[in-house]
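Report on the structure given below.
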Amino acid sequence: MTSVRIVGPGRAGSSLARALGRVDGWDVQPLVGRDGDVAGAAAGVDLLVIATPDRSVGAVSDAVAPVPSTVVAHLSGSLGLEVLGGHERTASVHPLMALPDADVGARRLAAGGWFAIAGDPLAARVVDALGGRAFEVRDRVLYHAAACIAANHLVALMGQVERVAAMAGVPLEAYLELARGSLDDVAALGPAAAITGPAARSDDETLDRHRAALDPSERDAYDAMAALARRLVAS
């Protein structure tokens, strides 16, 4: 039995607690919140996971009394292991997925997703327990930047779709299958083969009509994405 304690009862910590709690051979202790015993959190468990916001990971790690046999890990995508430097055994496990709440997060964690890992081999065991796929990262900052583009920027882009579509009298829902189909094409063909549309075929007349019709506040984002489409075709 592998015992786990998680500091941070937010979305990530609660998602991981529920997901691992359903796996045979893993004993998940009650979550430790802001008013809990952080200093003694590493005692009596095989793995202590710090699931706080990135800005707090270092301070929480420093507040935990080291236990040589306990692996102390964080869930951050942008931080390295140095932030956990006060502990003998350290690791990181970053789920490359959105965890909007504990229920959805637990389902996604257990659905065979991708995880960036580093440090102690116990990190890979966590991923194996969840049925996931683990990989190591050469540059944490670039890795996390790509994750933000794939998730946060994509959502922001769909926000622009919603605004522009509303001006045309069309609901966002009408475009969701189009977006899903495009992601499916990327998965099947790769970005360069999946790109379509006026920027990809150098249809400047259509692009100009789009720009003229758009609210001026939407043009910079449209121009930036058209430039990225052209870059993809040229690559």
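Chain identifiers are assigned as A, B, and so on, following the order in which chains appear in the structure tokens; residues are numbered from 1 within each chain, and ligands are numbered from 1 in order of appearance.
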(request) Could you give me, as a PyMOL selection string, each residue of stretch 7-141 of chain A that DSSP assigns to strand (DSSP E) when run on this structure's backbone? (result) chain A and resi 7+26-28+47-50+71-74+89-95+114-119+133-135
Next, dump the selected residues to file, keeping only N, CA and C atoms, as a tab-separated table (two decimals), in the first residue's frame.
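result36.tsv, written as the output of this step:
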chain	number	residue	atom	x	y	z
A	7	VAL	N	-1.24	18.41	0.17
A	7	VAL	CA	-1.40	19.74	0.75
A	7	VAL	C	-2.02	20.63	-0.32
A	26	TRP	N	-3.46	2.23	-3.19
A	26	TRP	CA	-3.11	3.61	-2.82
A	26	TRP	C	-4.01	4.06	-1.69
A	27	ASP	N	-3.39	4.59	-0.65
A	27	ASP	CA	-4.10	5.07	0.53
A	27	ASP	C	-3.95	6.58	0.60
A	28	VAL	N	-5.02	7.29	0.28
A	28	VAL	CA	-4.98	8.76	0.25
A	28	VAL	C	-5.49	9.31	1.58
A	47	LEU	N	4.37	9.51	0.09
A	47	LEU	CA	4.38	10.62	-0.86
A	47	LEU	C	3.60	11.79	-0.30
A	48	LEU	N	4.23	12.95	-0.31
A	48	LEU	CA	3.54	14.20	0.02
A	48	LEU	C	3.48	15.05	-1.24
A	49	VAL	N	2.27	15.40	-1.65
A	49	VAL	CA	2.08	16.21	-2.86
A	49	VAL	C	1.68	17.61	-2.46
A	50	ILE	N	2.44	18.60	-2.92
A	50	ILE	CA	2.10	20.00	-2.71
A	50	ILE	C	1.30	20.46	-3.92
A	71	VAL	N	8.84	11.05	-0.24
A	71	VAL	CA	9.00	11.82	-1.47
A	71	VAL	C	8.09	13.04	-1.40
A	72	VAL	N	8.66	14.22	-1.61
A	72	VAL	CA	7.88	15.46	-1.65
A	72	VAL	C	7.80	15.89	-3.11
A	73	ALA	N	6.59	16.04	-3.59
A	73	ALA	CA	6.37	16.36	-5.01
A	73	ALA	C	5.45	17.56	-5.15
A	74	HIS	N	5.52	18.21	-6.30
A	74	HIS	CA	4.56	19.27	-6.63
A	74	HIS	C	3.88	18.94	-7.96
A	89	ARG	N	14.24	13.50	-1.06
A	89	ARG	CA	13.63	12.84	-2.21
A	89	ARG	C	12.55	13.77	-2.76
A	90	THR	N	12.68	14.18	-4.02
A	90	THR	CA	11.74	15.12	-4.61
A	90	THR	C	11.27	14.64	-5.97
A	91	ALA	N	10.13	15.16	-6.38
A	91	ALA	CA	9.56	14.78	-7.68
A	91	ALA	C	8.57	15.84	-8.11
A	92	SER	N	8.18	15.77	-9.36
A	92	SER	CA	7.07	16.59	-9.86
A	92	SER	C	6.23	15.74	-10.79
A	93	VAL	N	4.93	15.97	-10.72
A	93	VAL	CA	3.97	15.28	-11.57
A	93	VAL	C	2.99	16.33	-12.06
A	94	HIS	N	3.08	16.71	-13.33
A	94	HIS	CA	2.18	17.73	-13.86
A	94	HIS	C	1.23	17.09	-14.86
A	95	PRO	N	-0.07	17.02	-14.53
A	95	PRO	CA	-1.03	16.49	-15.49
A	95	PRO	C	-1.28	17.50	-16.61
A	114	TRP	N	-1.70	12.52	-20.45
A	114	TRP	CA	-0.25	12.74	-20.46
A	114	TRP	C	0.16	13.49	-19.19
A	115	PHE	N	1.34	13.10	-18.65
A	115	PHE	CA	1.87	13.72	-17.44
A	115	PHE	C	3.36	14.02	-17.63
A	116	ALA	N	3.76	15.23	-17.30
A	116	ALA	CA	5.19	15.56	-17.27
A	116	ALA	C	5.72	15.21	-15.89
A	117	ILE	N	6.77	14.40	-15.84
A	117	ILE	CA	7.32	13.97	-14.56
A	117	ILE	C	8.80	14.31	-14.47
A	118	ALA	N	9.29	14.36	-13.24
A	118	ALA	CA	10.71	14.56	-12.99
A	118	ALA	C	11.01	14.03	-11.60
A	119	GLY	N	12.28	13.67	-11.38
A	119	GLY	CA	12.71	13.31	-10.05
A	119	GLY	C	12.51	11.85	-9.69
A	133	ARG	N	0.28	8.36	-19.34
A	133	ARG	CA	1.51	8.28	-20.11
A	133	ARG	C	2.45	9.37	-19.62
A	134	ALA	N	3.65	8.97	-19.20
A	134	ALA	CA	4.60	9.91	-18.60
A	134	ALA	C	5.67	10.31	-19.61
A	135	PHE	N	6.13	11.55	-19.50
A	135	PHE	CA	7.25	12.01	-20.30
A	135	PHE	C	8.06	13.01	-19.48
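Secondary structure of stretch 101-148 of chain A, alpha helix (DSSP H) only (DSSP, backbone atoms): Ala102, Asp103, Val104, Gly105, Ala106, Arg107, Arg108, Leu109, Leu122, Ala123, Ala124, Arg125, Val126, Val127, Asp128, Ala129, Arg140, Val141, Leu142, Tyr143, His144, Ala145, Ala146, Ala147 and Cys148 of chain A.
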Could you please take those selected residues and save N, CA and C atoms as a PDB file, in the first residue's frame?
ATOM      1  N   ALA A 102     -13.267  19.054  -9.051  1.00  0.00           N
ATOM      2  CA  ALA A 102     -12.773  17.762  -8.562  1.00  0.00           C
ATOM      3  C   ALA A 102     -13.373  16.577  -9.308  1.00  0.00           C
ATOM      4  N   ASP A 103     -14.642  16.651  -9.659  1.00  0.00           N
ATOM      5  CA  ASP A 103     -15.284  15.521 -10.341  1.00  0.00           C
ATOM      6  C   ASP A 103     -14.734  15.336 -11.748  1.00  0.00           C
ATOM      7  N   VAL A 104     -14.752  16.410 -12.532  1.00  0.00           N
ATOM      8  CA  VAL A 104     -14.224  16.333 -13.896  1.00  0.00           C
ATOM      9  C   VAL A 104     -12.734  16.034 -13.861  1.00  0.00           C
ATOM     10  N   GLY A 105     -12.023  16.693 -12.948  1.00  0.00           N
ATOM     11  CA  GLY A 105     -10.586  16.486 -12.846  1.00  0.00           C
ATOM     12  C   GLY A 105     -10.226  15.048 -12.540  1.00  0.00           C
ATOM     13  N   ALA A 106     -10.945  14.424 -11.604  1.00  0.00           N
ATOM     14  CA  ALA A 106     -10.659  13.035 -11.260  1.00  0.00           C
ATOM     15  C   ALA A 106     -10.885  12.114 -12.453  1.00  0.00           C
ATOM     16  N   ARG A 107     -11.957  12.362 -13.205  1.00  0.00           N
ATOM     17  CA  ARG A 107     -12.223  11.531 -14.385  1.00  0.00           C
ATOM     18  C   ARG A 107     -11.120  11.695 -15.423  1.00  0.00           C
ATOM     19  N   ARG A 108     -10.674  12.910 -15.628  1.00  0.00           N
ATOM     20  CA  ARG A 108      -9.622  13.131 -16.623  1.00  0.00           C
ATOM     21  C   ARG A 108      -8.293  12.544 -16.180  1.00  0.00           C
ATOM     22  N   LEU A 109      -7.974  12.674 -14.912  1.00  0.00           N
ATOM     23  CA  LEU A 109      -6.720  12.110 -14.415  1.00  0.00           C
ATOM     24  C   LEU A 109      -6.669  10.601 -14.599  1.00  0.00           C
ATOM     25  N   LEU A 122       8.933   7.436  -7.913  1.00  0.00           N
ATOM     26  CA  LEU A 122       7.562   7.361  -7.436  1.00  0.00           C
ATOM     27  C   LEU A 122       6.627   8.208  -8.300  1.00  0.00           C
ATOM     28  N   ALA A 123       7.170   9.236  -8.952  1.00  0.00           N
ATOM     29  CA  ALA A 123       6.343  10.050  -9.856  1.00  0.00           C
ATOM     30  C   ALA A 123       5.787   9.196 -10.990  1.00  0.00           C
ATOM     31  N   ALA A 124       6.640   8.352 -11.566  1.00  0.00           N
ATOM     32  CA  ALA A 124       6.182   7.468 -12.641  1.00  0.00           C
ATOM     33  C   ALA A 124       5.167   6.458 -12.138  1.00  0.00           C
ATOM     34  N   ARG A 125       5.306   6.028 -10.895  1.00  0.00           N
ATOM     35  CA  ARG A 125       4.331   5.090 -10.332  1.00  0.00           C
ATOM     36  C   ARG A 125       2.957   5.731 -10.182  1.00  0.00           C
ATOM     37  N   VAL A 126       2.936   7.013  -9.838  1.00  0.00           N
ATOM     38  CA  VAL A 126       1.651   7.725  -9.761  1.00  0.00           C
ATOM     39  C   VAL A 126       0.965   7.711 -11.118  1.00  0.00           C
ATOM     40  N   VAL A 127       1.733   8.025 -12.155  1.00  0.00           N
ATOM     41  CA  VAL A 127       1.167   8.051 -13.508  1.00  0.00           C
ATOM     42  C   VAL A 127       0.696   6.664 -13.918  1.00  0.00           C
ATOM     43  N   ASP A 128       1.493   5.656 -13.628  1.00  0.00           N
ATOM     44  CA  ASP A 128       1.090   4.279 -13.947  1.00  0.00           C
ATOM     45  C   ASP A 128      -0.208   3.905 -13.236  1.00  0.00           C
ATOM     46  N   ALA A 129      -0.322   4.313 -11.977  1.00  0.00           N
ATOM     47  CA  ALA A 129      -1.525   3.988 -11.207  1.00  0.00           C
ATOM     48  C   ALA A 129      -2.769   4.599 -11.832  1.00  0.00           C
ATOM     49  N   ARG A 140      11.232  23.397 -18.714  1.00  0.00           N
ATOM     50  CA  ARG A 140       9.940  23.490 -18.045  1.00  0.00           C
ATOM     51  C   ARG A 140       9.168  24.736 -18.457  1.00  0.00           C
ATOM     52  N   VAL A 141       9.865  25.845 -18.656  1.00  0.00           N
ATOM     53  CA  VAL A 141       9.169  27.088 -18.985  1.00  0.00           C
ATOM     54  C   VAL A 141       8.539  27.000 -20.368  1.00  0.00           C
ATOM     55  N   LEU A 142       9.289  26.495 -21.349  1.00  0.00           N
ATOM     56  CA  LEU A 142       8.730  26.336 -22.694  1.00  0.00           C
ATOM     57  C   LEU A 142       7.608  25.301 -22.708  1.00  0.00           C
ATOM     58  N   TYR A 143       7.792  24.228 -21.952  1.00  0.00           N
ATOM     59  CA  TYR A 143       6.734  23.214 -21.837  1.00  0.00           C
ATOM     60  C   TYR A 143       5.446  23.843 -21.320  1.00  0.00           C
ATOM     61  N   HIS A 144       5.562  24.638 -20.261  1.00  0.00           N
ATOM     62  CA  HIS A 144       4.366  25.235 -19.673  1.00  0.00           C
ATOM     63  C   HIS A 144       3.767  26.285 -20.593  1.00  0.00           C
ATOM     64  N   ALA A 145       4.627  27.025 -21.315  1.00  0.00           N
ATOM     65  CA  ALA A 145       4.118  27.993 -22.286  1.00  0.00           C
ATOM     66  C   ALA A 145       3.276  27.297 -23.352  1.00  0.00           C
ATOM     67  N   ALA A 146       3.769  26.158 -23.844  1.00  0.00           N
ATOM     68  CA  ALA A 146       3.014  25.409 -24.850  1.00  0.00           C
ATOM     69  C   ALA A 146       1.688  24.912 -24.278  1.00  0.00           C
ATOM     70  N   ALA A 147       1.695  24.515 -23.012  1.00  0.00           N
ATOM     71  CA  ALA A 147       0.456  24.060 -22.375  1.00  0.00           C
ATOM     72  C   ALA A 147      -0.557  25.203 -22.287  1.00  0.00           C
ATOM     73  N   CYS A 148      -0.076  26.394 -21.956  1.00  0.00           N
ATOM     74  CA  CYS A 148      -0.978  27.548 -21.881  1.00  0.00           C
ATOM     75  C   CYS A 148      -1.548  27.901 -23.250  1.00  0.00           C
TER      76      CYS A 148
END
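Among the candidate residues A:Val155, A:Arg5, A:Asp54, A:Leu20, the one lying nearest to A:Asp37 is A:Arg5, with distances computed using only C-alpha atoms.
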(request) List the neighbours of A:Asp208 out to 12 Å using only C-alpha atoms; skip same-chain residues closer than 3 positions along the sequence, and give me the result as a list in words. (result) Pro198, Ala199, Ser202, Asp203, Asp204, Glu205, Arg211, Ala212, Ala213, Leu214, Arg219, Tyr222, Asp223 and Ala226 of chain A
Go ahead and write the residues just picked, C-alpha atoms, as a tab-separated table (two decimals), in the first residue's frame.
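Just written: selection_10.tsv:
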chain	number	residue	atom	x	y	z
A	198	PRO	CA	-8.27	31.81	-46.67
A	199	ALA	CA	-4.93	32.46	-44.94
A	202	SER	CA	-3.39	33.07	-49.68
A	203	ASP	CA	-6.89	34.42	-50.36
A	204	ASP	CA	-6.11	38.02	-49.45
A	205	GLU	CA	-9.40	39.36	-50.79
A	211	ARG	CA	-10.94	42.60	-41.48
A	212	ALA	CA	-13.29	45.26	-42.80
A	213	ALA	CA	-16.30	43.59	-41.20
A	214	LEU	CA	-14.67	42.92	-37.84
A	219	ARG	CA	-8.53	42.76	-35.70
A	222	TYR	CA	-7.43	37.95	-36.22
A	223	ASP	CA	-4.28	39.28	-37.91
A	226	ALA	CA	-3.83	34.65	-39.92
(request) May I ask which of the residues A:Leu81, A:Leu189, A:Ala42, A:Ile6 is the closest one to A:Ser69, counting only C-alpha atoms? (result)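 Answer, going by the shortest atom-to-atom distance: A:Ala42.
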(message) Taking 3 positions as the minimum chain separation for residues in the same chain, which residues sit within 9 Å of stretch 161-164 of chain A when counting only C-alpha atoms? Answer as a list in words.
(response) Ala156, Leu157, Met158, Met167, Ala168, Gly169, Val170, Pro171, Leu172, Glu173, Tyr175, Leu214, Asp215 and Glu218 of chain A
Grab the residues selected above and save them as a short mmCIF file (atom, residue, chain, number, x, y, z; two decimals), in the first residue's frame with N, CA and C atoms.
data_model
loop_
_atom_site.label_atom_id
_atom_site.label_comp_id
_atom_site.auth_asym_id
_atom_site.auth_seq_id
_atom_site.Cartn_x
_atom_site.Cartn_y
_atom_site.Cartn_z
N ALA A 156 -9.47 31.29 -25.01
CA ALA A 156 -9.61 32.72 -25.32
C ALA A 156 -9.99 32.92 -26.79
N LEU A 157 -9.44 32.08 -27.68
CA LEU A 157 -9.78 32.17 -29.09
C LEU A 157 -11.25 31.84 -29.32
N MET A 158 -11.75 30.84 -28.61
CA MET A 158 -13.18 30.52 -28.73
C MET A 158 -14.04 31.64 -28.15
N MET A 167 -22.25 38.85 -33.31
CA MET A 167 -22.51 40.00 -34.17
C MET A 167 -23.17 39.56 -35.47
N ALA A 168 -22.94 38.30 -35.86
CA ALA A 168 -23.57 37.76 -37.07
C ALA A 168 -24.91 37.08 -36.75
N GLY A 169 -25.27 37.05 -35.47
CA GLY A 169 -26.53 36.44 -35.07
C GLY A 169 -26.48 34.93 -34.97
N VAL A 170 -25.29 34.39 -34.73
CA VAL A 170 -25.12 32.93 -34.69
C VAL A 170 -24.60 32.55 -33.30
N PRO A 171 -25.15 31.49 -32.69
CA PRO A 171 -24.68 31.10 -31.36
C PRO A 171 -23.34 30.36 -31.43
N LEU A 172 -22.60 30.44 -30.35
CA LEU A 172 -21.31 29.75 -30.27
C LEU A 172 -21.45 28.27 -30.55
N GLU A 173 -22.54 27.66 -30.07
CA GLU A 173 -22.73 26.21 -30.22
C GLU A 173 -22.64 25.76 -31.66
N TYR A 175 -20.55 26.60 -33.77
CA TYR A 175 -19.15 26.50 -34.21
C TYR A 175 -18.37 25.42 -33.47
N LEU A 214 -14.92 43.13 -39.27
CA LEU A 214 -14.67 42.92 -37.84
C LEU A 214 -14.68 44.23 -37.07
N ASP A 215 -15.12 44.15 -35.83
CA ASP A 215 -14.94 45.27 -34.91
C ASP A 215 -13.43 45.53 -34.77
N GLU A 218 -11.21 43.46 -32.56
CA GLU A 218 -10.97 42.05 -32.86
C GLU A 218 -9.88 41.85 -33.91
#
(request) Mind giving me the straight-line distance from atom CA of A:His153 to atom CA of A:Ala221 in Å, one decimal? (result) 11.0 Å
(message) Report, in Å with one decimal, the straight-line distance from atom CA of A:Pro191 to atom CA of A:Leu154.
(response)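 Interatomic distance here is 14.3 Å.
The space between atom CA of A:Asp35 and atom CA of A:Val23 spans 27.8 Å.
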(message) Taking 4 positions as the minimum chain separation for residues in the same chain, which residues sit within 8 Å of A:Pro9 when counting only C-alpha atoms? Answer as a PyMOL selection string.
(response) chain A and resi 13-14+31-33+51
